[in-house]
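Below is my_file.csv, holding CSV, C-alpha atoms.
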```csv
chain,number,residue,atom,x,y,z
D,27,MET,CA,65.2,-37.1,21.9
D,28,LYS,CA,65.8,-36.8,18.2
D,29,ILE,CA,63.0,-36.1,15.9
D,30,LYS,CA,62.6,-35.0,12.2
D,31,ILE,CA,60.5,-32.1,11.2
D,32,THR,CA,59.1,-31.9,7.7
D,33,ALA,CA,57.3,-28.7,6.7
D,34,PHE,CA,55.0,-27.7,3.8
D,35,GLY,CA,53.5,-24.5,2.5
D,36,ILE,CA,54.1,-21.4,4.6
D,37,ALA,CA,55.6,-23.6,7.4
D,38,LYS,CA,58.5,-24.3,5.0
D,39,ASP,CA,59.1,-20.6,4.5
D,40,ILE,CA,59.0,-19.9,8.3
D,41,LEU,CA,61.5,-22.7,9.1
D,42,LYS,CA,63.5,-21.7,5.9
D,43,THR,CA,63.8,-25.4,5.1
D,44,ASN,CA,61.5,-28.3,4.3
D,45,SER,CA,63.3,-30.6,6.7
D,46,LEU,CA,65.0,-30.2,10.0
D,47,ALA,CA,66.6,-32.7,12.5
D,48,LEU,CA,65.8,-31.6,16.0
D,49,GLU,CA,67.3,-32.6,19.3
D,50,ILE,CA,64.6,-31.8,21.9
D,51,THR,CA,64.7,-31.8,25.6
D,52,ASN,CA,61.7,-31.2,27.8
D,53,VAL,CA,59.4,-31.8,24.9
D,54,SER,CA,57.5,-35.0,24.8
D,55,THR,CA,54.2,-34.2,23.2
D,56,ILE,CA,52.9,-32.5,20.0
D,57,GLY,CA,51.5,-29.7,22.2
D,58,GLU,CA,54.9,-29.1,23.7
D,59,LEU,CA,56.6,-29.2,20.3
D,60,LYS,CA,54.1,-26.6,19.1
D,61,ASP,CA,55.0,-24.3,22.0
D,62,HIS,CA,58.7,-24.9,21.3
D,63,LEU,CA,58.4,-24.0,17.6
D,64,CYS,CA,56.3,-20.9,18.3
D,65,GLN,CA,59.0,-19.8,20.7
D,66,GLU,CA,61.8,-20.4,18.3
D,67,TYR,CA,60.0,-19.2,15.2
D,68,PRO,CA,57.4,-16.5,16.3
D,69,ASP,CA,56.0,-16.3,12.8
D,70,PHE,CA,54.1,-19.5,13.5
D,71,LYS,CA,52.0,-17.6,16.0
D,72,LYS,CA,50.7,-15.4,13.1
D,73,LEU,CA,49.1,-18.4,11.4
D,74,GLN,CA,45.4,-19.0,11.4
D,75,LYS,CA,46.0,-22.5,12.7
D,76,ILE,CA,48.8,-25.1,12.9
D,77,SER,CA,48.4,-28.8,12.9
D,78,PHE,CA,50.7,-31.8,13.1
D,79,ALA,CA,50.8,-35.2,11.6
D,80,VAL,CA,52.8,-38.3,12.6
D,81,ASN,CA,52.4,-41.6,10.6
D,82,GLU,CA,50.4,-39.8,7.9
D,83,GLU,CA,47.6,-39.0,10.4
D,84,TYR,CA,46.6,-35.8,12.2
D,85,GLN,CA,47.6,-36.0,15.9
D,86,THR,CA,46.3,-34.0,18.8
D,87,ASP,CA,48.3,-32.0,21.3
D,88,ASP,CA,48.6,-34.9,23.8
D,89,PHE,CA,50.2,-37.2,21.3
D,90,SER,CA,53.5,-38.6,22.7
D,91,LEU,CA,56.5,-38.2,20.5
D,92,GLY,CA,58.9,-41.1,20.1
D,93,GLU,CA,62.6,-41.3,19.2
D,94,ASN,CA,63.1,-40.6,15.5
D,95,ASP,CA,59.5,-39.7,14.8
D,96,GLU,CA,58.9,-37.7,11.7
D,97,VAL,CA,56.6,-34.9,12.5
D,98,ILE,CA,54.9,-33.1,9.7
D,99,VAL,CA,54.0,-29.4,10.3
D,100,ILE,CA,50.7,-28.7,8.6
D,101,PRO,CA,49.8,-25.0,8.2
D,102,PRO,CA,46.2,-24.1,7.1
D,103,VAL,CA,45.4,-26.2,4.0
D,104,SER,CA,44.1,-24.6,0.8
D,105,GLY,CA,43.5,-27.3,-1.8
D,106,GLY,CA,40.8,-27.2,-4.4
Z,30,MET,CA,67.9,-29.7,2.7
Z,31,ASP,CA,67.1,-33.3,3.3
Z,32,GLY,CA,66.1,-35.4,0.3
Z,33,GLY,CA,63.7,-37.6,2.2
Z,34,ASP,CA,60.9,-39.3,0.3
Z,35,SER,CA,58.1,-37.1,1.7
Z,36,CYS,CA,59.9,-34.0,0.5
Z,37,ALA,CA,60.6,-35.2,-3.0
Z,38,PRO,CA,59.1,-33.2,-5.8
Z,39,ALA,CA,55.6,-34.2,-6.6
Z,40,LYS,CA,55.4,-36.9,-9.2
Z,41,GLN,CA,52.5,-38.6,-10.7
Z,42,VAL,CA,50.9,-41.0,-8.4
Z,43,SER,CA,48.0,-43.3,-9.3
Z,44,PHE,CA,46.1,-44.8,-6.4
Z,45,THR,CA,43.0,-46.7,-7.5
Z,46,ILE,CA,41.2,-48.9,-5.1
Z,47,LYS,CA,38.6,-51.2,-6.6
Z,48,LYS,CA,35.7,-53.0,-5.1
Z,49,ILE,CA,35.5,-51.4,-1.7
Z,50,LYS,CA,32.1,-52.5,-0.3
Z,51,ASN,CA,31.1,-53.4,-3.9
Z,52,THR,CA,31.7,-49.9,-5.0
Z,53,LEU,CA,34.5,-48.0,-6.8
Z,54,ILE,CA,36.9,-45.3,-5.5
Z,55,ASP,CA,39.5,-43.7,-7.7
Z,56,ILE,CA,41.9,-41.2,-5.9
Z,57,GLN,CA,44.7,-39.5,-7.8
Z,58,ILE,CA,47.2,-36.7,-7.3
Z,59,LEU,CA,48.7,-35.7,-10.6
Z,60,ASP,CA,51.3,-33.3,-11.8
Z,61,THR,CA,49.8,-33.5,-15.3
Z,62,PRO,CA,46.5,-32.1,-16.5
Z,63,ILE,CA,43.4,-33.7,-15.1
Z,64,ASP,CA,41.3,-35.7,-17.5
Z,65,ASN,CA,37.7,-34.9,-16.7
Z,66,GLU,CA,36.4,-37.5,-19.1
Z,67,ALA,CA,38.4,-40.2,-17.3
Z,68,CYS,CA,36.7,-39.2,-14.0
Z,69,ILE,CA,33.3,-39.3,-15.6
Z,70,ASP,CA,34.0,-42.6,-17.3
Z,71,PHE,CA,35.2,-44.1,-14.0
Z,72,VAL,CA,31.9,-43.4,-12.1
Z,73,ASN,CA,29.7,-44.5,-15.0
Z,74,HIS,CA,27.6,-47.3,-13.4
Z,75,ALA,CA,24.6,-49.4,-14.6
Z,76,GLU,CA,22.7,-48.6,-11.3
Z,77,ALA,CA,23.3,-44.9,-11.5
Z,78,GLY,CA,20.6,-42.4,-12.2
Z,79,GLY,CA,22.9,-39.4,-12.1
Z,80,ASN,CA,26.6,-38.5,-12.3
Z,81,VAL,CA,27.5,-35.1,-10.8
Z,82,VAL,CA,30.9,-33.7,-11.6
Z,83,PHE,CA,32.6,-30.7,-9.8
Z,84,VAL,CA,35.5,-29.1,-11.7
Z,85,GLY,CA,37.5,-26.6,-9.7
Z,86,THR,CA,39.5,-24.2,-11.9
Z,87,VAL,CA,42.1,-21.5,-11.5
Z,88,ARG,CA,40.5,-18.0,-11.3
Z,89,ALA,CA,42.1,-15.0,-12.9
Z,90,GLN,CA,41.7,-12.8,-9.8
Z,91,THR,CA,41.4,-12.9,-6.0
Z,92,LYS,CA,39.5,-10.0,-4.4
Z,93,GLY,CA,40.0,-7.9,-7.5
Z,94,LYS,CA,43.8,-8.6,-7.7
Z,95,LYS,CA,45.1,-10.1,-10.8
Z,96,VAL,CA,46.4,-13.7,-10.4
Z,97,LEU,CA,49.2,-14.7,-12.8
Z,98,LYS,CA,49.4,-18.4,-11.8
Z,99,LEU,CA,49.0,-20.8,-9.0
Z,100,GLU,CA,51.1,-23.5,-7.4
Z,101,PHE,CA,49.8,-26.5,-5.5
Z,102,GLU,CA,52.0,-28.5,-3.1
Z,103,SER,CA,50.8,-31.6,-1.3
Z,104,TYR,CA,52.0,-33.9,1.4
Z,105,GLN,CA,51.2,-36.7,-1.0
Z,106,PRO,CA,50.8,-39.9,1.1
Z,107,MET,CA,48.6,-38.2,3.6
Z,108,ALA,CA,46.7,-36.2,1.0
Z,109,ILE,CA,45.8,-39.5,-0.7
Z,110,LYS,CA,44.7,-41.0,2.6
Z,111,GLU,CA,42.5,-38.0,3.5
Z,112,MET,CA,41.0,-37.9,0.0
Z,113,ARG,CA,40.2,-41.6,0.4
Z,114,LYS,CA,38.5,-41.0,3.8
Z,115,ILE,CA,36.3,-38.4,2.1
Z,116,ALA,CA,35.5,-40.8,-0.8
Z,117,GLU,CA,34.6,-43.5,1.7
Z,118,GLN,CA,32.3,-41.1,3.6
Z,119,VAL,CA,30.6,-40.2,0.4
Z,120,MET,CA,30.1,-43.9,-0.3
Z,121,GLU,CA,28.5,-44.4,3.1
Z,122,LYS,CA,26.5,-41.3,3.6
Z,123,TRP,CA,25.1,-40.9,0.1
Z,124,ASN,CA,25.1,-44.5,-1.0
Z,125,ALA,CA,27.3,-43.5,-3.9
Z,126,LEU,CA,28.1,-46.1,-6.5
Z,127,ALA,CA,31.4,-44.7,-7.5
Z,128,VAL,CA,33.7,-41.7,-6.7
Z,129,SER,CA,36.5,-40.3,-8.7
Z,130,PHE,CA,38.6,-37.7,-7.0
Z,131,HIS,CA,41.6,-36.1,-8.8
Z,132,HIS,CA,43.7,-33.2,-7.6
Z,133,ARG,CA,46.5,-31.5,-9.5
Z,134,VAL,CA,49.8,-30.3,-8.1
Z,135,GLY,CA,52.6,-28.1,-9.5
Z,136,VAL,CA,52.2,-24.8,-11.4
Z,137,LEU,CA,48.8,-24.1,-13.0
Z,138,ASP,CA,47.8,-21.3,-15.4
Z,139,ILE,CA,44.6,-19.4,-15.3
Z,140,GLY,CA,41.6,-21.6,-16.4
Z,141,GLU,CA,43.4,-24.9,-15.7
Z,142,VAL,CA,41.7,-27.6,-13.7
Z,143,ALA,CA,42.9,-27.9,-10.1
Z,144,VAL,CA,40.4,-30.6,-8.9
Z,145,THR,CA,37.8,-32.8,-10.3
Z,146,ILE,CA,35.3,-34.8,-8.3
Z,147,ALA,CA,32.8,-37.1,-10.0
Z,148,VAL,CA,30.1,-39.0,-8.0
Z,149,SER,CA,27.4,-41.4,-9.3
Z,150,THR,CA,24.4,-42.3,-7.2
Z,151,PRO,CA,21.0,-44.0,-8.0
Z,152,HIS,CA,19.2,-40.6,-7.7
Z,153,ARG,CA,20.7,-37.2,-8.6
Z,154,LYS,CA,20.0,-35.3,-5.4
Z,155,ALA,CA,22.5,-37.4,-3.4
Z,156,ALA,CA,25.2,-37.0,-6.1
Z,157,PHE,CA,24.9,-33.1,-5.9
Z,158,GLU,CA,25.1,-33.2,-2.1
Z,159,ALA,CA,28.0,-35.7,-2.1
Z,160,CYS,CA,30.0,-33.7,-4.5
Z,161,GLU,CA,29.6,-30.5,-2.5
Z,162,TYR,CA,30.5,-32.3,0.7
Z,163,ALA,CA,33.6,-33.7,-0.9
Z,164,ILE,CA,35.0,-30.4,-2.1
Z,165,ASP,CA,34.1,-28.6,1.1
Z,166,THR,CA,35.8,-31.3,3.2
Z,167,LEU,CA,38.9,-31.3,0.9
Z,168,LYS,CA,39.4,-27.7,1.7
Z,169,GLU,CA,39.3,-28.4,5.4
Z,170,THR,CA,41.3,-31.6,5.8
Z,171,VAL,CA,43.5,-32.6,2.8
Z,172,PRO,CA,47.1,-31.5,3.1
Z,173,ILE,CA,47.4,-29.5,-0.1
Z,174,TRP,CA,48.5,-25.9,-0.2
Z,175,LYS,CA,47.9,-23.3,-2.8
Z,176,LYS,CA,50.2,-20.4,-3.5
Z,177,GLU,CA,48.9,-17.4,-5.6
Z,178,PHE,CA,51.3,-15.5,-7.7
Z,179,PHE,CA,50.5,-11.8,-8.2
Z,180,GLU,CA,52.3,-9.1,-10.2
Z,181,ASP,CA,53.8,-7.8,-6.9
Z,182,GLY,CA,54.4,-11.0,-5.0
Z,183,GLU,CA,53.2,-14.4,-3.9
Z,184,VAL,CA,51.0,-15.6,-1.0
Z,185,TRP,CA,50.2,-18.9,0.6
Z,186,VAL,CA,46.4,-18.9,0.5
Z,187,ALA,CA,44.5,-19.0,3.9
Z,188,ALA,CA,47.6,-19.1,6.0
Z,189,HIS,CA,46.8,-16.0,7.9
Z,190,PRO,CA,43.6,-14.9,9.7
```
Target encoding structure tokens, full file:
Amino acid sequence: MKIKITAFGIAKDILKTNSLALEITNVSTIGELKDHLCQEYPDFKKLQKISFAVNEEYQTDDFSLGENDEVIVIPPVSGG
Amino acid sequence: MDGGDSCAPAKQVSFTIKKIKNTLIDIQILDTPIDNEACIDFVNHAEAGGNVVFVGTVRAQTKGKKVLKLEFESYQPMAIKEMRKIAEQVMEKWNALAVSFHHRVGVLDIGEVAVTIAVSTPHRKAAFEACEYAIDTLKETVPIWKKEFFEDGEVWVAAHP
């Protein structure tokens, strides 16, 4: 399955890009994607928290990814 | 680097929703200075007994360390959605008459305004509480990130435990 990853804040620094096309096998949920990213980019494990959004909404670990989904990697927010 | 829309450099977006449940909500993410007066004017309402305004500004130091400047980055469409959710909660929980909620993005110097929240309610106590709820919740849920620039480097705020 092909998905697109878009990253902000420190997640962009960890991935060394703000956008990444990913061909994933054995990954079908947000939770599995999180594990995959933490394995490929261990610096994600050092973060306080990591969240994901699809369709401009936060999604939980059990969210099923679909072909061509754009997944936003959301490190701890710090607005205000 | 992909030039997709969601990664495009922040540009001024104005998103004003009028007459939601007979009230007024004004959400904006701006790459130009915030106009506090515009926020106050927006919430002015004939039924209001008090308008409370919170103005968040860029502090010159963090834990004793001199800050040179800040940079805010947002995931704009979702940040607007999340700010709107907060404004709608404020309307519901505190019976607000109007809410104006502006956040700045881009590079900010010391003393510049990062966020302004104005709330009007029939009685003042609700407006104080609503304003505090709005800024506290923004810091938890709205996809905006702050980078602090020091003399010896730069740090994404709150990223690490």
Nearest to chain D by atom-to-atom distance, counting only C-alpha atoms, from Z:Thr91, Z:Asn73, Z:Thr86, Z:Gln57: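 Looking at the shortest contact to chain D, the residue is Z:Thr86.
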Could you please tell me, as a compact mmCIF listing (two decimals) with C-alpha atoms, in the frame of the given file, which residues of chain Z have an atom within 9 Å of chain D when using only C-alpha atoms?
```txt
# COMPACT_ATOMS: atom_id res chain seq x y z
CA MET Z 30 67.90 -29.70 2.70
CA ASP Z 31 67.10 -33.30 3.30
CA GLY Z 32 66.10 -35.40 0.30
CA GLY Z 33 63.70 -37.60 2.20
CA SER Z 35 58.10 -37.10 1.70
CA CYS Z 36 59.90 -34.00 0.50
CA GLY Z 85 37.50 -26.60 -9.70
CA THR Z 86 39.50 -24.20 -11.90
CA PHE Z 101 49.80 -26.50 -5.50
CA GLU Z 102 52.00 -28.50 -3.10
CA SER Z 103 50.80 -31.60 -1.30
CA TYR Z 104 52.00 -33.90 1.40
CA PRO Z 106 50.80 -39.90 1.10
CA MET Z 107 48.60 -38.20 3.60
CA ALA Z 108 46.70 -36.20 1.00
CA LYS Z 110 44.70 -41.00 2.60
CA GLU Z 111 42.50 -38.00 3.50
CA HIS Z 132 43.70 -33.20 -7.60
CA ARG Z 133 46.50 -31.50 -9.50
CA ALA Z 143 42.90 -27.90 -10.10
CA VAL Z 144 40.40 -30.60 -8.90
CA THR Z 145 37.80 -32.80 -10.30
CA ILE Z 164 35.00 -30.40 -2.10
CA ASP Z 165 34.10 -28.60 1.10
CA LEU Z 167 38.90 -31.30 0.90
CA LYS Z 168 39.40 -27.70 1.70
CA GLU Z 169 39.30 -28.40 5.40
CA THR Z 170 41.30 -31.60 5.80
CA VAL Z 171 43.50 -32.60 2.80
CA PRO Z 172 47.10 -31.50 3.10
CA ILE Z 173 47.40 -29.50 -0.10
CA TRP Z 174 48.50 -25.90 -0.20
CA LYS Z 175 47.90 -23.30 -2.80
CA LYS Z 176 50.20 -20.40 -3.50
CA VAL Z 184 51.00 -15.60 -1.00
CA TRP Z 185 50.20 -18.90 0.60
CA VAL Z 186 46.40 -18.90 0.50
CA ALA Z 187 44.50 -19.00 3.90
CA ALA Z 188 47.60 -19.10 6.00
CA HIS Z 189 46.80 -16.00 7.90
CA PRO Z 190 43.60 -14.90 9.70
```
Spatial neighbours of stretch 112-122 of chain Z, max dist 10 Å, only C-alpha atoms, sep filter under 6 positions, as a PyMOL selection string: chain Z and resi 44-46+49-50+52-58+128-132+146+148-150+155-156+158-160+162-164+166-167+170-172
Please, could you write that set of residues out with C-alpha atoms as an mmCIF file, in the frame of the given file?
```
data_model
loop_
_atom_site.group_PDB
_atom_site.id
_atom_site.type_symbol
_atom_site.label_atom_id
_atom_site.label_comp_id
_atom_site.auth_asym_id
_atom_site.auth_seq_id
_atom_site.Cartn_x
_atom_site.Cartn_y
_atom_site.Cartn_z
ATOM 1 C CA PHE Z 44 46.100 -44.800 -6.400
ATOM 2 C CA THR Z 45 43.000 -46.700 -7.500
ATOM 3 C CA ILE Z 46 41.200 -48.900 -5.100
ATOM 4 C CA ILE Z 49 35.500 -51.400 -1.700
ATOM 5 C CA LYS Z 50 32.100 -52.500 -0.300
ATOM 6 C CA THR Z 52 31.700 -49.900 -5.000
ATOM 7 C CA LEU Z 53 34.500 -48.000 -6.800
ATOM 8 C CA ILE Z 54 36.900 -45.300 -5.500
ATOM 9 C CA ASP Z 55 39.500 -43.700 -7.700
ATOM 10 C CA ILE Z 56 41.900 -41.200 -5.900
ATOM 11 C CA GLN Z 57 44.700 -39.500 -7.800
ATOM 12 C CA ILE Z 58 47.200 -36.700 -7.300
ATOM 13 C CA VAL Z 128 33.700 -41.700 -6.700
ATOM 14 C CA SER Z 129 36.500 -40.300 -8.700
ATOM 15 C CA PHE Z 130 38.600 -37.700 -7.000
ATOM 16 C CA HIS Z 131 41.600 -36.100 -8.800
ATOM 17 C CA HIS Z 132 43.700 -33.200 -7.600
ATOM 18 C CA ILE Z 146 35.300 -34.800 -8.300
ATOM 19 C CA VAL Z 148 30.100 -39.000 -8.000
ATOM 20 C CA SER Z 149 27.400 -41.400 -9.300
ATOM 21 C CA THR Z 150 24.400 -42.300 -7.200
ATOM 22 C CA ALA Z 155 22.500 -37.400 -3.400
ATOM 23 C CA ALA Z 156 25.200 -37.000 -6.100
ATOM 24 C CA GLU Z 158 25.100 -33.200 -2.100
ATOM 25 C CA ALA Z 159 28.000 -35.700 -2.100
ATOM 26 C CA CYS Z 160 30.000 -33.700 -4.500
ATOM 27 C CA TYR Z 162 30.500 -32.300 0.700
ATOM 28 C CA ALA Z 163 33.600 -33.700 -0.900
ATOM 29 C CA ILE Z 164 35.000 -30.400 -2.100
ATOM 30 C CA THR Z 166 35.800 -31.300 3.200
ATOM 31 C CA LEU Z 167 38.900 -31.300 0.900
ATOM 32 C CA THR Z 170 41.300 -31.600 5.800
ATOM 33 C CA VAL Z 171 43.500 -32.600 2.800
ATOM 34 C CA PRO Z 172 47.100 -31.500 3.100
#
```
Neighbour list for D:Glu96 as a list in words, cut-off 7 Å, all atoms listed in the file, skip fewer than 6 positions in-chain: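 So, after excluding close chain neighbours, the residues are Ile29, Lys30, Ile31 and Val80 of chain D.
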Z:Glu180 environment, 8 Å, all atoms listed in the file, sequence neighbours closer than 4 positions dropped, as an NGL selection string: :Z and (95-97)
All residues 10 Å or closer to D:Ser54, all atoms listed in the file, same chain fewer than 3 positions away omitted, as a VMD selection string: chain D and resid 27 50 to 51 57 to 59 88 to 93
Save the residues we just selected, C-alpha atoms, as a tab-separated table (two decimals), keeping the file's coordinate frame?
```tsv
chain	number	residue	atom	x	y	z
D	27	MET	CA	65.20	-37.10	21.90
D	50	ILE	CA	64.60	-31.80	21.90
D	51	THR	CA	64.70	-31.80	25.60
D	57	GLY	CA	51.50	-29.70	22.20
D	58	GLU	CA	54.90	-29.10	23.70
D	59	LEU	CA	56.60	-29.20	20.30
D	88	ASP	CA	48.60	-34.90	23.80
D	89	PHE	CA	50.20	-37.20	21.30
D	90	SER	CA	53.50	-38.60	22.70
D	91	LEU	CA	56.50	-38.20	20.50
D	92	GLY	CA	58.90	-41.10	20.10
D	93	GLU	CA	62.60	-41.30	19.20
```
Separation of atom CA of Z:Trp123 from atom CA of Z:Ala67, in Å and rounded to one decimal: 21.9 Å
Point-to-point distance from atom CA of Z:Glu141 to atom CA of Z:Pro62, Å rounded to tenths: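 Atom CA of Z:Glu141 sits 7.9 Å away from atom CA of Z:Pro62.
Across the model, the gap from atom CA of Z:Arg88 to atom CA of Z:Gly140 is 6.3 Å.
In terms of minimum interatomic distance to D:Ile56, D:Thr86 ranks closest within D:Asp69, D:Asn94, D:Ile40, D:Thr86, counting all atoms listed in the file.
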Export stretch 76-90 of chain D from the structure block above, keeping N, CA, C and O atoms, as a CSV table (one decimal), in the first residue's frame.
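Saved the output as part_30.csv:
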```csv
chain,number,residue,atom,x,y,z
D,76,ILE,N,3.6,11.2,20.2
D,76,ILE,CA,3.5,11.4,18.8
D,76,ILE,C,2.0,11.0,18.4
D,76,ILE,O,1.5,10.0,18.8
D,77,SER,N,1.4,11.9,17.6
D,77,SER,CA,0.0,11.7,17.2
D,77,SER,C,0.0,11.7,15.7
D,77,SER,O,0.9,12.1,15.0
D,78,PHE,N,-1.1,11.2,15.2
D,78,PHE,CA,-1.3,11.2,13.7
D,78,PHE,C,-2.7,11.7,13.3
D,78,PHE,O,-3.6,11.6,14.1
D,79,ALA,N,-2.7,12.3,12.2
D,79,ALA,CA,-4.0,12.8,11.6
D,79,ALA,C,-4.2,12.3,10.2
D,79,ALA,O,-3.2,12.2,9.4
D,80,VAL,N,-5.4,12.0,9.9
D,80,VAL,CA,-5.8,11.7,8.5
D,80,VAL,C,-7.1,12.5,8.3
D,80,VAL,O,-7.9,12.6,9.2
D,81,ASN,N,-7.2,13.1,7.1
D,81,ASN,CA,-8.4,13.9,6.8
D,81,ASN,C,-8.6,15.0,7.8
D,81,ASN,O,-9.7,15.3,8.2
D,82,GLU,N,-7.5,15.6,8.2
D,82,GLU,CA,-7.5,16.8,9.1
D,82,GLU,C,-8.1,16.5,10.5
D,82,GLU,O,-8.6,17.4,11.1
D,83,GLU,N,-8.1,15.2,10.9
D,83,GLU,CA,-8.6,14.9,12.2
D,83,GLU,C,-7.6,13.9,12.9
D,83,GLU,O,-7.0,13.1,12.2
D,84,TYR,N,-7.5,14.1,14.2
D,84,TYR,CA,-6.6,13.1,15.0
D,84,TYR,C,-7.2,11.7,14.8
D,84,TYR,O,-8.5,11.6,14.8
D,85,GLN,N,-6.4,10.7,14.6
D,85,GLN,CA,-6.9,9.3,14.5
D,85,GLN,C,-6.2,8.5,15.6
D,85,GLN,O,-5.0,8.7,15.9
D,86,THR,N,-6.9,7.5,16.0
D,86,THR,CA,-6.3,6.6,17.1
D,86,THR,C,-5.6,5.4,16.4
D,86,THR,O,-5.6,5.2,15.2
D,87,ASP,N,-4.8,4.7,17.2
D,87,ASP,CA,-4.0,3.6,16.8
D,87,ASP,C,-4.7,2.6,15.9
D,87,ASP,O,-4.1,2.0,15.0
D,88,ASP,N,-6.0,2.4,16.1
D,88,ASP,CA,-6.7,1.3,15.4
D,88,ASP,C,-7.3,1.8,14.0
D,88,ASP,O,-7.9,1.1,13.3
D,89,PHE,N,-7.0,3.1,13.7
D,89,PHE,CA,-7.5,3.6,12.4
D,89,PHE,C,-6.9,2.9,11.2
D,89,PHE,O,-5.6,2.7,11.2
D,90,SER,N,-7.7,2.4,10.3
D,90,SER,CA,-7.2,1.6,9.2
D,90,SER,C,-6.8,2.5,8.0
D,90,SER,O,-7.6,3.4,7.6
```
